[in-house]
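Below you'll find the structure, written out as structure tokens, and then a few comments.
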Amino acid sequence: MRGQRPTTLRCVFEECQKGHQNLTKLLAALHNIHATHPDPAEFLAEFIHYLKHSMVVSRREPAVERTLEFVAKFAGSFAAESGSGSDEEKENTGGNKKFHMDLFDFLLKSHNANSQAVRFRACQLINKMLNALGEDAEVDDDLYDRIFECMLMRLRDKSPAIRVQAVLALTRLQDPSDQGCAVITAYLYLLGCDPNPDVRRAILSCIAPSTHTLNGVLQRVRDVNQSVRVMAFKVLADKFHIRALTIAQRLEVLQYGLNDRTEPVREVCGSKLLQSWLRLFEGNILDLLGCLDVETTCGTDEDVATGKTTGEETIEAAVMSMFKQAPTDELITNFDLLGESHVIPLDNLSCESALYWRCLCQYVKSLGTEGEEHLDRLLPTLTALCDYVQSHLETLPSVAGGLDMTSAVDDHLKKEFVAQQLMMILGIPDLTDEVGRKRLGTLVHDMLLSDNMTRPLLKLLIQRYCSVLTDQEVRIRELVEVIADIREPITVLETSLSQEQMRQKELKLASIRVQLNEAREEMDQLVAAQEFQKAAEMKGKVDELELRRADLVEEMQPQTQEVRTEKNDPGTLLRCLTIAAELLQTLTLKGLTPTLRTLVDSLMLTGIQNEDPAVRNMAVRCLGLTAMLCKDTAVQYLPLFLQASQVDLDAIKVTALRIIFDLLLIFGLKAFGAETSEQQDQSREGEEETEQPQQDTPSNTAMPNNTATSLLSILTGMLDSENADLRTNAAEGLAKLMMSGRVLSGKLLSRLLLLWYNPTTEDDTHLRHCLGTFFPMFAFSGRSTQECVEEAFLPTLQTLLDAPDTSPLATVDVGNVGSLLTNLTSRTNMKQFCVERTGKPDLPRDMEDYSAHDNLALMLCNAVLSDTDSPDVRMFCKLLGNMEPTTSSTTHLKDLYVLSQQISQDVDDRIALRSMEQFQKTLCELCPGLTGDSQQDSVPTEQQEGTSAEKQGETQAEGNVEQDKEGPSCDQVSSQAAERPQEGPVLSAVENIDAPRDDVFATPAPPTNKKTQKGKSTTAKRKTATKTPGKTSTRKGKKKADWESDSDADAEASVSESPAPAARPRSTRKAAARTRVNLKDLLSDSGSDASLDDSSGPRRSTRRTLGSLDNTS
């Protein structure tokens, strides 16, 4: 047939499968066949007949894809003809338009077919036909509404591949200008709730950009799936302007993207998003930094303490990422702000330019020897740089009296940010230059004494001072002298005489002057009489009078005196304590020097007694840093820290609590007079611990033993604090103690587990992330930790089972907790954990012949047999079915088998019996000899066999629930296979393909009333939503959105990424109301096409303009 134009539909459909080389000729041939066909209805029927052969193929065969693409182009050509030309031409093409509408009608009737392949191909072809209509195409209002309604129904299809095609088909039906657009509303709902990442990725690729959709796209940058996150960053780069995001959103997007755990996400954020933002500013990085508001991004001390990424670090990472996209020579050449002296003139120095200069210098230095020659082009000598920095620091206003005006505050913030960047630049040059190093030391010393240095600047100054003074003793001495000069500065006192004293002095001075004049006259007379001996005597008298006159004149002048005056105002104490704290963090001493001991008595203890909370907080921090250097000091001041953690303000409580945990981690409990945790029975935690601190008040004489005994009781009591920060730090500190091996307590582990699952901690993401990371790392550390988890197993479950209805713990799913503890004690999970950490599946040596499941299985069996009528038997038996006993002891396996048989005889619960059968099967696989022994020990009676046969039919519904949890369904597997394009051979000729059966295009019959259906109950079919920690059931009484499915609550938990064990609560959304669309009826379970018919009578035919093709995938 090559070289000849096809003359029949059959030939056309055969040729279109083979490639796109002859697509234009095939379209022309098909148009000719259609134009010369005598009966348009017969042509349509034959066309649909051949089209059905491709629609029943579920796999993404290239031949099928080419066929559908050809059909879409052919149908689109008719729409183009009917939409252009004069009115007379439009009337002549009415038949062509009818073919286009009839083809849409066939596809819309097939969208609800029984066959998954037909539904998939129908949605796919509708999408292709809409895209083939062109940019300014219009469709009839009736067709618009029918496509809208049918595709919204397919958004609820069980196949993810069909939902993807439905999403793509609805792309051009969006109306971004309408805040209540039902398509966008459905998109946003599925974007947060659909469990399939391909559906979420498809929605991101085609959702229209608007202020209404921006938040939904921003939430997907933290999606659990990597490909969805990548697509979210691509959409932000291509569809949204940077000014559409707030400053906080810009920084948040950069923080999540540049710090993502996967390389593809970091790559797309740096190369796609940042470059698109940079192009908006024509490549000017300084203008881009201006949109990020760099001067207000400095992190607080709390952010630094918790390890939270600050805005400044995020911006620095973004700038470094942009530097990697350009050559180094080009970066330095384009940086034209530097003058001849290799510094930015002070008049042109801004926050953006200072940050860019500092980042560029650090980037060039990170290149090693390659960047040394480039660094000389960016920085002057160290001496000149110190003079430049000092000239800017002198312009900083004094903060001693405070800043009142808003403009003054903004100006100070900008100058302070620039000063921080310049102080960081001072750490870049090499300090081998002796002159430059001395100049840097002088600059830092002078700036430390200045009263316009804020706390962030003091921290940077101390860092520069440490680089100059490497000797710790010299550094301590110099900085303590600085602290002394700040707190006790030298002042000049001027004293003057009173008026009476001044009058007496003047009278004496006048008398001396009279005597002096008389003595001079008499001396002159003696000289004239040539009595030289007497004249010499008189000369001596004159000299004496002159000395007396000079002394009186000096006494009459005001007197000045230099004295040191101690300053105890909060500002001065805070400056001194800040310097001391930064100094102590740089020390690595193993004891306290006399200078530091003096500093403790004169400064720190004085600050703790100050009324100002900021001064007390810093003083407690300084004293804690000092105590970390010496065990005796730690023991001495531990009661003080305990008192501060209980009676002071919340901020000081948190600081003191952190210090206590640091001291326990460094020195251990034994340093404070404590016995080992095992000897104390884990320090008697639980309810007894919370009562002891009030009864046992430590005295000064017996402080060590009493304090150490009640120390853990006090700390665990803080887990119940109403203050979230205090509770979080207490949990984090106790987890660190257990992780480091300082404390091993099953009761304490149980307390942490209950805190993690407690609904009251739902909003504390840091606490849940910390504990969620701690549990597996602690449990899989070794045998001792496994024994600790084993000890906490039953007490934790029993606490939850005994929780009263008024307790928040009553809403926790106990089975979920039991599954977690079972997984934490599994040898299989432990091997997997070892593979992830070390790359080898080798267990620790002490775990070779130990498994916590051996003992736990015995404990669970005893718990079940103790009360076989308890409602908790089902949960315990289910946990038994998940146990993994080992073959270390055959006797132990036989005991477990005997107990399991006893449970099977005594328990009547069907699900529990099925779990016990699974457990017995596991035991028999480990020890095949158990089956023969069991036949001798127990023989099932006929009554039991009848009962089990009777139970088998009744428990089929519950069995379906369990099967759903084990793995993906057949529909999910087939949908994934349908989405994978497989480059296979071209389909055979049409005559060799089996004709599609009529039933695959049939739509399902309307369902009857669920209450009157025979067989299984619908309650048994519906999968029960698994409870998550901290969540109560909220489905009861909640009104569902029109296009919301019953399984959305289960799906939502798997979409959003959160370290906490609880999923976010689902917000109910309503689809936007339309004039001629009843979504509630449309998206019901009915599968008939009756809902597609308009029963309101004939309507005037109108046309709708389709959306832009820019949003199509």
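So you can find residues: chains in the structure tokens are A, B, ... in the order shown, residues in each start at 1, and ligands are numbered from 1 in order.
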(message) DSSP on the backbone, helix (DSSP H, G or I) only: what residues of region 396-617 of chain A does that give? Format it as a PyMOL selection string.
(response) chain A and resi 406-425+434-449+455-468+472-487+499-528+532-556+570-585+594-608+613-617
(request) Skip Ser889 (chain A) itself and residues of its chain fewer than 5 positions away, then list as number ranges by chain all residues within 10 Å of it, counting only C-alpha atoms. (result) A: 849, 854, 894, 927
Restricted to N, CA and C atoms, what would the selected residues look like written as an mmCIF file, in the first residue's frame?
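Output (result.cif):
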```cif
data_model
loop_
_atom_site.group_PDB
_atom_site.id
_atom_site.type_symbol
_atom_site.label_atom_id
_atom_site.label_comp_id
_atom_site.auth_asym_id
_atom_site.auth_seq_id
_atom_site.Cartn_x
_atom_site.Cartn_y
_atom_site.Cartn_z
ATOM 1 N N ASP A 849 21.783 -14.674 69.068
ATOM 2 C CA ASP A 849 20.936 -15.721 69.643
ATOM 3 C C ASP A 849 19.801 -15.149 70.477
ATOM 4 N N ASP A 854 10.407 -13.842 70.918
ATOM 5 C CA ASP A 854 10.230 -15.092 71.654
ATOM 6 C C ASP A 854 9.546 -14.836 72.989
ATOM 7 N N LYS A 894 7.541 -25.314 71.254
ATOM 8 C CA LYS A 894 6.488 -26.246 71.642
ATOM 9 C C LYS A 894 5.560 -25.618 72.671
ATOM 10 N N CYS A 927 9.355 -25.326 63.193
ATOM 11 C CA CYS A 927 9.598 -26.634 63.816
ATOM 12 C C CYS A 927 8.569 -27.618 63.263
#
```
(request) Could you check how far CA of Gln174 (chain A) sits from CA of Asp142 (chain A), in Å to one decimal? (result)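 According to the coordinates, CA of Gln174 (chain A) and CA of Asp142 (chain A) are separated by 16.2 Å.
Each of A:Val409, A:Leu923, A:Ala550, A:Phe78 was compared to Asp895 (chain A) using only C-alpha atoms, and A:Leu923 turns out to be the nearest.
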(request) Work out how far apart CA of Ala232 (chain A) and CA of Asn131 (chain A) are and give it in Å to one decimal. (result)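 These atoms are spaced 22.7 Å apart.
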(message) List as a list in words the protein and nucleic acid residues near Ile344 (chain A), meaning an atom at most 10 Å away when only C-alpha atoms are counted, but skip any in the same chain fewer than 3 places from it.
(response) Asp336, Leu337, Leu338, Gly339, Glu340, Ser341, Asp347, Asn348, Leu349, Ser350, Ser353, Ala354, Trp357, Leu378, Leu379 and Tyr388 of chain A
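Take the candidates A:Leu51, A:Val542, A:Leu893, A:Val343 and check each one against Phe13 (chain A) using only C-alpha atoms; the shortest distance goes to A:Leu51.
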(message) I want to know what sits within 8 Å of region 316-319 of chain A, based on only C-alpha atoms, with residues of the same chain fewer than 4 positions away left out; could you give that as number ranges by chain?
(response) A: 254, 258, 270, 274, 312, 323, 356, 359
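Distance annotation: of A:Leu749, A:Ala28, A:Ala45, A:Ile659, the residue with the minimal separation from Phe70 (chain A) is A:Ala28; atom set is only C-alpha atoms.
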Using only C-alpha atoms, determine which residues lie at most 7 Å from Ala731 (chain A), disregarding the query and same-chain residues fewer than 4 positions distant; provide the list as a short mmCIF file (atom, residue, chain, number, x, y, z; two decimals) with all heavy atoms, in the first residue's frame.
```
data_model
loop_
_atom_site.label_atom_id
_atom_site.label_comp_id
_atom_site.auth_asym_id
_atom_site.auth_seq_id
_atom_site.Cartn_x
_atom_site.Cartn_y
_atom_site.Cartn_z
N LEU A 719 7.35 16.05 81.33
CA LEU A 719 6.67 15.59 80.12
C LEU A 719 5.19 15.92 80.14
O LEU A 719 4.53 15.94 79.09
CB LEU A 719 6.84 14.07 79.97
CG LEU A 719 8.27 13.57 79.73
CD1 LEU A 719 8.28 12.05 79.70
CD2 LEU A 719 8.84 14.13 78.44
N ARG A 727 7.92 20.88 77.45
CA ARG A 727 7.62 19.46 77.22
C ARG A 727 8.48 18.89 76.09
O ARG A 727 9.00 17.77 76.18
CB ARG A 727 6.14 19.33 76.88
CG ARG A 727 5.68 17.90 76.66
CD ARG A 727 4.18 17.84 76.43
NE ARG A 727 3.77 18.56 75.24
CZ ARG A 727 2.95 19.61 75.24
NH1 ARG A 727 2.43 20.04 76.38
NH2 ARG A 727 2.62 20.22 74.12
N ALA A 735 15.22 11.46 75.53
CA ALA A 735 15.56 10.59 74.41
C ALA A 735 17.06 10.54 74.19
O ALA A 735 17.63 9.49 73.88
CB ALA A 735 14.84 11.08 73.15
N LEU A 752 7.50 8.01 76.79
CA LEU A 752 7.77 8.71 75.52
C LEU A 752 6.84 8.23 74.42
O LEU A 752 6.39 9.03 73.58
CB LEU A 752 9.23 8.51 75.13
CG LEU A 752 10.27 9.14 76.05
CD1 LEU A 752 11.68 8.83 75.56
CD2 LEU A 752 10.09 10.65 76.15
#
```
(request) Name the residues in contact with region 778-788 of chain A at a cut-off of 6 Å, using only C-alpha atoms, excluding same-chain residues fewer than 6 positions from it; report them as a ChimeraX atom specification. (result) /A:739,746,824,830,846-847
Can you check which parts of region 402-494 of chain A lie within 12 Å of region 591-608 of chain A? Per residue, the shortest pair of atoms and distance in Å to one decimal, counting only C-alpha atoms, sorted by chain and number, as a tab-separated table.
```
residue	atom	partner	partner_atom	distance
A:Gln472	CA	A:Thr593	CA	10.7
A:Glu473	CA	A:Thr593	CA	8.6
A:Val474	CA	A:Thr595	CA	11.0
A:Arg475	CA	A:Thr595	CA	11.2
A:Ile476	CA	A:Thr595	CA	7.6
A:Arg477	CA	A:Thr595	CA	7.3
A:Glu478	CA	A:Thr595	CA	10.6
A:Leu479	CA	A:Thr595	CA	10.5
A:Val480	CA	A:Leu599	CA	7.7
A:Glu481	CA	A:Thr595	CA	10.0
A:Ile483	CA	A:Leu599	CA	9.3
A:Ala484	CA	A:Leu599	CA	9.5
A:Ile486	CA	A:Leu603	CA	11.9
A:Arg487	CA	A:Leu603	CA	9.4
A:Glu488	CA	A:Leu603	CA	11.7
```
Just-selected residues, N, CA, C and O atoms written as a short mmCIF file (atom, residue, chain, number, x, y, z; two decimals), in the first residue's frame:
```cif
data_model
loop_
_atom_site.label_atom_id
_atom_site.label_comp_id
_atom_site.auth_asym_id
_atom_site.auth_seq_id
_atom_site.Cartn_x
_atom_site.Cartn_y
_atom_site.Cartn_z
N GLN A 472 44.33 29.42 74.60
CA GLN A 472 43.13 29.59 75.41
C GLN A 472 43.37 30.42 76.66
O GLN A 472 42.51 31.23 77.04
N GLU A 473 44.51 30.25 77.31
CA GLU A 473 44.79 31.02 78.52
C GLU A 473 44.88 32.51 78.21
O GLU A 473 44.31 33.35 78.93
N VAL A 474 45.58 32.84 77.12
CA VAL A 474 45.69 34.25 76.74
C VAL A 474 44.32 34.80 76.34
O VAL A 474 43.97 35.94 76.67
N ARG A 475 43.55 34.00 75.65
CA ARG A 475 42.22 34.45 75.24
C ARG A 475 41.34 34.72 76.44
O ARG A 475 40.61 35.73 76.48
N ILE A 476 41.39 33.83 77.44
CA ILE A 476 40.58 34.05 78.65
C ILE A 476 40.99 35.33 79.35
O ILE A 476 40.15 36.15 79.74
N ARG A 477 42.30 35.51 79.48
CA ARG A 477 42.78 36.70 80.19
C ARG A 477 42.39 37.99 79.47
O ARG A 477 41.93 38.95 80.09
N GLU A 478 42.56 38.01 78.15
CA GLU A 478 42.25 39.22 77.40
C GLU A 478 40.76 39.54 77.45
O GLU A 478 40.36 40.69 77.66
N LEU A 479 39.92 38.53 77.26
CA LEU A 479 38.48 38.80 77.22
C LEU A 479 37.92 39.10 78.61
O LEU A 479 36.96 39.87 78.73
N VAL A 480 38.48 38.53 79.64
CA VAL A 480 38.04 38.88 80.99
C VAL A 480 38.40 40.33 81.29
O VAL A 480 37.63 41.06 81.94
N GLU A 481 39.56 40.79 80.82
CA GLU A 481 39.92 42.21 80.98
C GLU A 481 38.94 43.10 80.21
O GLU A 481 38.57 44.19 80.68
N ILE A 483 35.81 42.36 79.65
CA ILE A 483 34.58 42.37 80.45
C ILE A 483 34.71 43.31 81.63
O ILE A 483 33.79 44.05 81.98
N ALA A 484 35.88 43.30 82.27
CA ALA A 484 36.10 44.20 83.41
C ALA A 484 36.06 45.65 82.97
O ALA A 484 35.50 46.51 83.67
N ILE A 486 34.37 46.84 80.49
CA ILE A 486 33.00 47.21 80.15
C ILE A 486 32.17 47.43 81.41
O ILE A 486 31.40 48.38 81.50
N ARG A 487 32.34 46.54 82.39
CA ARG A 487 31.52 46.65 83.59
C ARG A 487 32.05 47.70 84.56
O ARG A 487 31.26 48.35 85.25
N GLU A 488 33.36 47.87 84.63
CA GLU A 488 33.96 48.88 85.52
C GLU A 488 34.83 49.81 84.68
O GLU A 488 36.06 49.75 84.72
#
```
